[in-house]
Amino acid sequence: MSGDFEIYNELVTQNCMSCCSGPVPDPMALATGLMELDGFPIHAPVHHYLVPAVLLTACRMAQGHPPEVLERDLALALERSRNVPGGACGFYGSCGACVGVGIFWSVITDSSPLSGQSWAYGNRATGEALLAVAEVGGPRCCKRCTYLSLASALPQIQTILGLKL
């Protein structure tokens, strides 16, 4: 990821960590607040991190985990999201915000390439997010895809993790 967007990754992390002292955030509201930060780019790879960061924040708080768990998870999600290049939607046919849903599932379930059911959760969730984005069509819009990805993940989170966000 370009160093130009690193400041926004840091802002996402800081804002997510600041939620630890309050009620469980609504993922859509948290995402909206982040995307409304001054200068936050409308189209950029930072959305590949924003999606798993928002979902991890809401889920870890709803599960009652201490801030250290969220901090660890956000670091892992950021590391993984940096491997999803800008323009992946058009050049690889896989929107980075949708891949962010898969990153969320892999982190929250501690999934790896050798995992069984948790491996399936991430792939299914990414696929469902991609289908939601494909229904709308192009061209790219990272904010729109962020909302669609989050919306597609919420029912799965309720079903699999038992969390109504």
# chains A, B, ... in the order shown; residues from 1 in each chain; ligands from 1
$ residues_around --residues "region 136-138 of chain A" --least-positions-apart "6" --cutoff "10 Å" --atoms "only C-alpha atoms" --output "number ranges by chain"
A: 89-90, 144-145, 148
$ write_last_selection --atoms "N, CA, C and O atoms" --output "compact mmCIF listing (two decimals), in the first residue's frame"
# COMPACT_ATOMS: atom_id res chain seq x y z
N CYS A 89 -10.31 -4.71 -7.74
CA CYS A 89 -11.66 -4.91 -8.26
C CYS A 89 -11.66 -5.03 -9.78
O CYS A 89 -12.31 -5.92 -10.33
N GLY A 90 -10.93 -4.16 -10.42
CA GLY A 90 -10.91 -4.16 -11.88
C GLY A 90 -9.84 -5.04 -12.49
O GLY A 90 -10.05 -5.63 -13.55
N ARG A 144 -19.14 2.81 -1.63
CA ARG A 144 -20.32 1.97 -1.90
C ARG A 144 -20.00 0.51 -1.61
O ARG A 144 -20.77 -0.18 -0.95
N CYS A 145 -18.86 0.05 -2.07
CA CYS A 145 -18.47 -1.35 -1.87
C CYS A 145 -18.21 -1.66 -0.39
O CYS A 145 -18.46 -2.77 0.06
N LEU A 148 -21.73 -2.16 1.03
CA LEU A 148 -22.28 -3.43 0.56
C LEU A 148 -21.59 -4.61 1.23
O LEU A 148 -22.24 -5.60 1.59
$ residues_around --residues "Ile157 (chain A)" --least-positions-apart "4" --cutoff "10 Å" --atoms "only C-alpha atoms" --output "JSON, numbers by chain"
{"A": [55, 59, 105, 121, 125, 152, 153, 161, 162, 163, 164, 165]}
$ write_last_selection --atoms "all heavy atoms" --output "CSV table (one decimal), in the first residue's frame"
chain,number,residue,atom,x,y,z
A,55,LEU,N,-15.6,-4.4,11.5
A,55,LEU,CA,-16.2,-5.6,11.9
A,55,LEU,C,-15.5,-6.2,13.1
A,55,LEU,O,-16.2,-6.7,14.0
A,55,LEU,CB,-16.2,-6.6,10.7
A,55,LEU,CG,-17.1,-6.2,9.5
A,55,LEU,CD1,-16.9,-7.2,8.4
A,55,LEU,CD2,-18.6,-6.1,10.0
A,59,CYS,N,-17.4,-6.7,16.7
A,59,CYS,CA,-17.5,-8.1,17.2
A,59,CYS,C,-16.7,-8.3,18.5
A,59,CYS,O,-17.2,-8.9,19.5
A,59,CYS,CB,-17.0,-9.1,16.2
A,59,CYS,SG,-18.2,-9.3,14.8
A,105,TRP,N,-13.1,-12.6,8.7
A,105,TRP,CA,-13.4,-13.9,9.2
A,105,TRP,C,-12.1,-14.7,9.5
A,105,TRP,O,-12.1,-15.5,10.4
A,105,TRP,CB,-14.2,-14.6,8.1
A,105,TRP,CG,-15.7,-14.3,8.2
A,105,TRP,CD1,-16.4,-13.5,7.4
A,105,TRP,CD2,-16.6,-14.7,9.3
A,105,TRP,NE1,-17.7,-13.4,7.8
A,105,TRP,CE2,-17.8,-14.1,9.0
A,105,TRP,CE3,-16.4,-15.5,10.4
A,105,TRP,CZ2,-18.9,-14.3,9.8
A,105,TRP,CZ3,-17.5,-15.7,11.2
A,105,TRP,CH2,-18.7,-15.1,10.9
A,121,TYR,N,-16.0,-20.3,6.1
A,121,TYR,CA,-16.6,-19.0,6.5
A,121,TYR,C,-16.1,-17.8,5.7
A,121,TYR,O,-16.8,-17.0,5.2
A,121,TYR,CB,-16.5,-18.7,8.0
A,121,TYR,CG,-17.2,-19.7,8.9
A,121,TYR,CD1,-16.7,-19.9,10.2
A,121,TYR,CD2,-18.3,-20.4,8.6
A,121,TYR,CE1,-17.3,-20.8,11.1
A,121,TYR,CE2,-19.0,-21.2,9.4
A,121,TYR,CZ,-18.4,-21.4,10.7
A,121,TYR,OH,-19.0,-22.3,11.6
A,125,ALA,N,-18.1,-15.8,2.9
A,125,ALA,CA,-18.4,-14.4,3.2
A,125,ALA,C,-17.9,-13.5,2.1
A,125,ALA,O,-18.5,-12.5,1.7
A,125,ALA,CB,-17.9,-14.0,4.6
A,152,SER,N,-23.4,-7.3,3.8
A,152,SER,CA,-23.5,-8.7,3.5
A,152,SER,C,-22.9,-9.5,4.6
A,152,SER,O,-23.3,-10.7,4.8
A,152,SER,CB,-22.7,-9.0,2.2
A,152,SER,OG,-21.3,-8.9,2.4
A,153,ALA,N,-22.0,-8.9,5.4
A,153,ALA,CA,-21.4,-9.7,6.5
A,153,ALA,C,-22.2,-9.8,7.7
A,153,ALA,O,-22.1,-10.8,8.5
A,153,ALA,CB,-20.0,-9.1,6.8
A,161,LEU,N,-21.6,-16.3,14.6
A,161,LEU,CA,-21.0,-15.9,15.9
A,161,LEU,C,-22.1,-15.6,16.9
A,161,LEU,O,-21.8,-15.4,18.1
A,161,LEU,CB,-20.2,-14.7,15.7
A,161,LEU,CG,-18.9,-14.8,14.8
A,161,LEU,CD1,-18.2,-13.5,14.6
A,161,LEU,CD2,-18.0,-15.9,15.2
A,162,GLY,N,-23.4,-15.5,16.5
A,162,GLY,CA,-24.5,-15.3,17.4
A,162,GLY,C,-24.5,-13.8,17.9
A,162,GLY,O,-25.0,-13.5,19.0
A,163,LEU,N,-23.9,-12.9,17.1
A,163,LEU,CA,-23.8,-11.5,17.5
A,163,LEU,C,-24.8,-10.7,16.6
A,163,LEU,O,-24.6,-10.7,15.3
A,163,LEU,CB,-22.4,-11.0,17.3
A,163,LEU,CG,-21.3,-11.7,18.2
A,163,LEU,CD1,-20.0,-11.1,17.8
A,163,LEU,CD2,-21.6,-11.5,19.6
A,164,LYS,N,-25.7,-10.0,17.2
A,164,LYS,CA,-26.6,-9.1,16.4
A,164,LYS,C,-26.0,-7.7,16.5
A,164,LYS,O,-26.1,-7.1,17.6
A,164,LYS,CB,-28.0,-9.1,16.9
A,164,LYS,CG,-28.9,-8.3,16.1
A,164,LYS,CD,-30.4,-8.5,16.5
A,164,LYS,CE,-31.3,-7.6,15.8
A,164,LYS,NZ,-31.8,-7.9,14.5
A,165,LEU,N,-25.4,-7.2,15.5
A,165,LEU,CA,-24.8,-5.9,15.5
A,165,LEU,C,-25.7,-4.8,14.9
A,165,LEU,O,-26.4,-5.1,13.9
A,165,LEU,CB,-23.4,-5.9,14.7
A,165,LEU,CG,-22.4,-7.0,15.3
A,165,LEU,CD1,-21.2,-7.0,14.4
A,165,LEU,CD2,-22.0,-6.7,16.7
$ closest_residue --among "A:Glu135, A:Asp38, A:Asp4, A:Glu128" --to "Ala97 (chain A)" --atoms "only C-alpha atoms"
A:Glu128
$ select_by_dssp --residues "chain A" --states "alpha helix (DSSP H)" --output "PyMOL selection string"
chain A and resi 6-18+27-35+46-62+67-81+88-91+96-108+117-136+142-156
$ atom_distance --atom1 "CA of Leu150 (chain A)" --atom2 "CA of Tyr49 (chain A)"
12.2 Å
$ residues_around --residues "region 73-86 of chain A" --least-positions-apart "2" --cutoff "8 Å" --atoms "only C-alpha atoms" --output "list in words"
Met1, Asn9, Thr13, Ala44, Pro45, His48, Tyr49, Pro52, Ala53, Leu56, Val69, Leu70, Glu71, Ala88, Cys89, Gly96, Val99, Gly100, Ile103, Phe104, Val107 and Ile108 of chain A
$ write_last_selection --atoms "N, CA, C and O atoms" --output "mmCIF file, in the first residue's frame"
data_model
loop_
_atom_site.group_PDB
_atom_site.id
_atom_site.type_symbol
_atom_site.label_atom_id
_atom_site.label_comp_id
_atom_site.auth_asym_id
_atom_site.auth_seq_id
_atom_site.Cartn_x
_atom_site.Cartn_y
_atom_site.Cartn_z
ATOM 1 N N MET A 1 0.845 -1.176 0.000
ATOM 2 C CA MET A 1 0.000 0.000 0.000
ATOM 3 C C MET A 1 0.885 1.231 0.000
ATOM 4 O O MET A 1 1.899 1.278 0.652
ATOM 5 N N ASN A 9 -4.816 4.606 7.490
ATOM 6 C CA ASN A 9 -4.801 3.327 8.210
ATOM 7 C C ASN A 9 -4.627 3.569 9.704
ATOM 8 O O ASN A 9 -5.294 2.940 10.530
ATOM 9 N N THR A 13 -7.259 2.681 12.794
ATOM 10 C CA THR A 13 -6.870 1.943 13.995
ATOM 11 C C THR A 13 -7.163 2.762 15.251
ATOM 12 O O THR A 13 -7.763 2.250 16.205
ATOM 13 N N ALA A 44 -9.553 4.275 -2.498
ATOM 14 C CA ALA A 44 -8.184 3.975 -2.061
ATOM 15 C C ALA A 44 -8.157 2.636 -1.338
ATOM 16 O O ALA A 44 -9.177 2.186 -0.791
ATOM 17 N N PRO A 45 -6.987 2.016 -1.298
ATOM 18 C CA PRO A 45 -6.843 0.719 -0.625
ATOM 19 C C PRO A 45 -7.107 0.744 0.878
ATOM 20 O O PRO A 45 -7.249 -0.313 1.479
ATOM 21 N N HIS A 48 -9.766 -1.471 2.124
ATOM 22 C CA HIS A 48 -9.486 -2.904 2.290
ATOM 23 C C HIS A 48 -9.219 -3.226 3.755
ATOM 24 O O HIS A 48 -9.437 -4.355 4.193
ATOM 25 N N TYR A 49 -8.744 -2.245 4.493
ATOM 26 C CA TYR A 49 -8.519 -2.386 5.937
ATOM 27 C C TYR A 49 -9.728 -1.935 6.734
ATOM 28 O O TYR A 49 -10.068 -2.528 7.755
ATOM 29 N N PRO A 52 -12.488 -4.905 7.559
ATOM 30 C CA PRO A 52 -12.240 -5.830 8.673
ATOM 31 C C PRO A 52 -12.058 -5.105 10.003
ATOM 32 O O PRO A 52 -12.446 -5.633 11.052
ATOM 33 N N ALA A 53 -11.518 -3.898 9.973
ATOM 34 C CA ALA A 53 -11.307 -3.156 11.228
ATOM 35 C C ALA A 53 -12.635 -2.848 11.910
ATOM 36 O O ALA A 53 -12.785 -3.035 13.130
ATOM 37 N N LEU A 56 -14.221 -6.211 13.142
ATOM 38 C CA LEU A 56 -13.503 -6.726 14.308
ATOM 39 C C LEU A 56 -13.801 -5.895 15.553
ATOM 40 O O LEU A 56 -13.989 -6.449 16.643
ATOM 41 N N VAL A 69 -6.928 -7.587 22.789
ATOM 42 C CA VAL A 69 -7.333 -8.546 21.752
ATOM 43 C C VAL A 69 -7.668 -7.793 20.468
ATOM 44 O O VAL A 69 -7.233 -8.183 19.381
ATOM 45 N N LEU A 70 -8.417 -6.717 20.593
ATOM 46 C CA LEU A 70 -8.747 -5.917 19.417
ATOM 47 C C LEU A 70 -7.487 -5.334 18.793
ATOM 48 O O LEU A 70 -7.326 -5.376 17.564
ATOM 49 N N GLU A 71 -6.585 -4.831 19.611
ATOM 50 C CA GLU A 71 -5.341 -4.255 19.095
ATOM 51 C C GLU A 71 -4.552 -5.299 18.296
ATOM 52 O O GLU A 71 -4.060 -5.013 17.201
ATOM 53 N N ALA A 88 -7.739 -3.865 -7.303
ATOM 54 C CA ALA A 88 -7.981 -5.313 -7.370
ATOM 55 C C ALA A 88 -9.355 -5.609 -7.957
ATOM 56 O O ALA A 88 -9.543 -6.620 -8.639
ATOM 57 N N CYS A 89 -10.311 -4.706 -7.735
ATOM 58 C CA CYS A 89 -11.664 -4.906 -8.256
ATOM 59 C C CYS A 89 -11.662 -5.033 -9.775
ATOM 60 O O CYS A 89 -12.312 -5.920 -10.331
ATOM 61 N N GLY A 96 -11.426 -5.182 -3.066
ATOM 62 C CA GLY A 96 -10.680 -5.244 -1.813
ATOM 63 C C GLY A 96 -11.540 -5.093 -0.575
ATOM 64 O O GLY A 96 -11.232 -5.659 0.478
ATOM 65 N N VAL A 99 -12.799 -8.524 -0.043
ATOM 66 C CA VAL A 99 -11.710 -9.330 0.514
ATOM 67 C C VAL A 99 -11.526 -8.985 1.984
ATOM 68 O O VAL A 99 -11.200 -9.847 2.805
ATOM 69 N N GLY A 100 -11.796 -7.724 2.343
ATOM 70 C CA GLY A 100 -11.738 -7.309 3.740
ATOM 71 C C GLY A 100 -12.684 -8.110 4.622
ATOM 72 O O GLY A 100 -12.385 -8.380 5.788
ATOM 73 N N ILE A 103 -10.874 -11.230 5.276
ATOM 74 C CA ILE A 103 -9.814 -10.961 6.255
ATOM 75 C C ILE A 103 -10.415 -10.959 7.656
ATOM 76 O O ILE A 103 -9.855 -11.550 8.582
ATOM 77 N N PHE A 104 -11.548 -10.293 7.819
ATOM 78 C CA PHE A 104 -12.242 -10.288 9.108
ATOM 79 C C PHE A 104 -12.481 -11.712 9.593
ATOM 80 O O PHE A 104 -12.144 -12.060 10.730
ATOM 81 N N VAL A 107 -9.351 -13.621 10.649
ATOM 82 C CA VAL A 107 -8.781 -13.153 11.911
ATOM 83 C C VAL A 107 -9.653 -13.586 13.089
ATOM 84 O O VAL A 107 -9.153 -14.149 14.068
ATOM 85 N N ILE A 108 -10.948 -13.368 12.981
ATOM 86 C CA ILE A 108 -11.814 -13.627 14.139
ATOM 87 C C ILE A 108 -11.949 -15.122 14.434
ATOM 88 O O ILE A 108 -12.187 -15.519 15.571
#
$ closest_residue --among "A:Gly93, A:Val101, A:Pro113, A:Ala62" --to "Gln156 (chain A)" --atoms "only C-alpha atoms"
A:Val101
$ atom_distance --atom1 "CA of Leu131 (chain A)" --atom2 "CA of Cys16 (chain A)"
27.3 Å
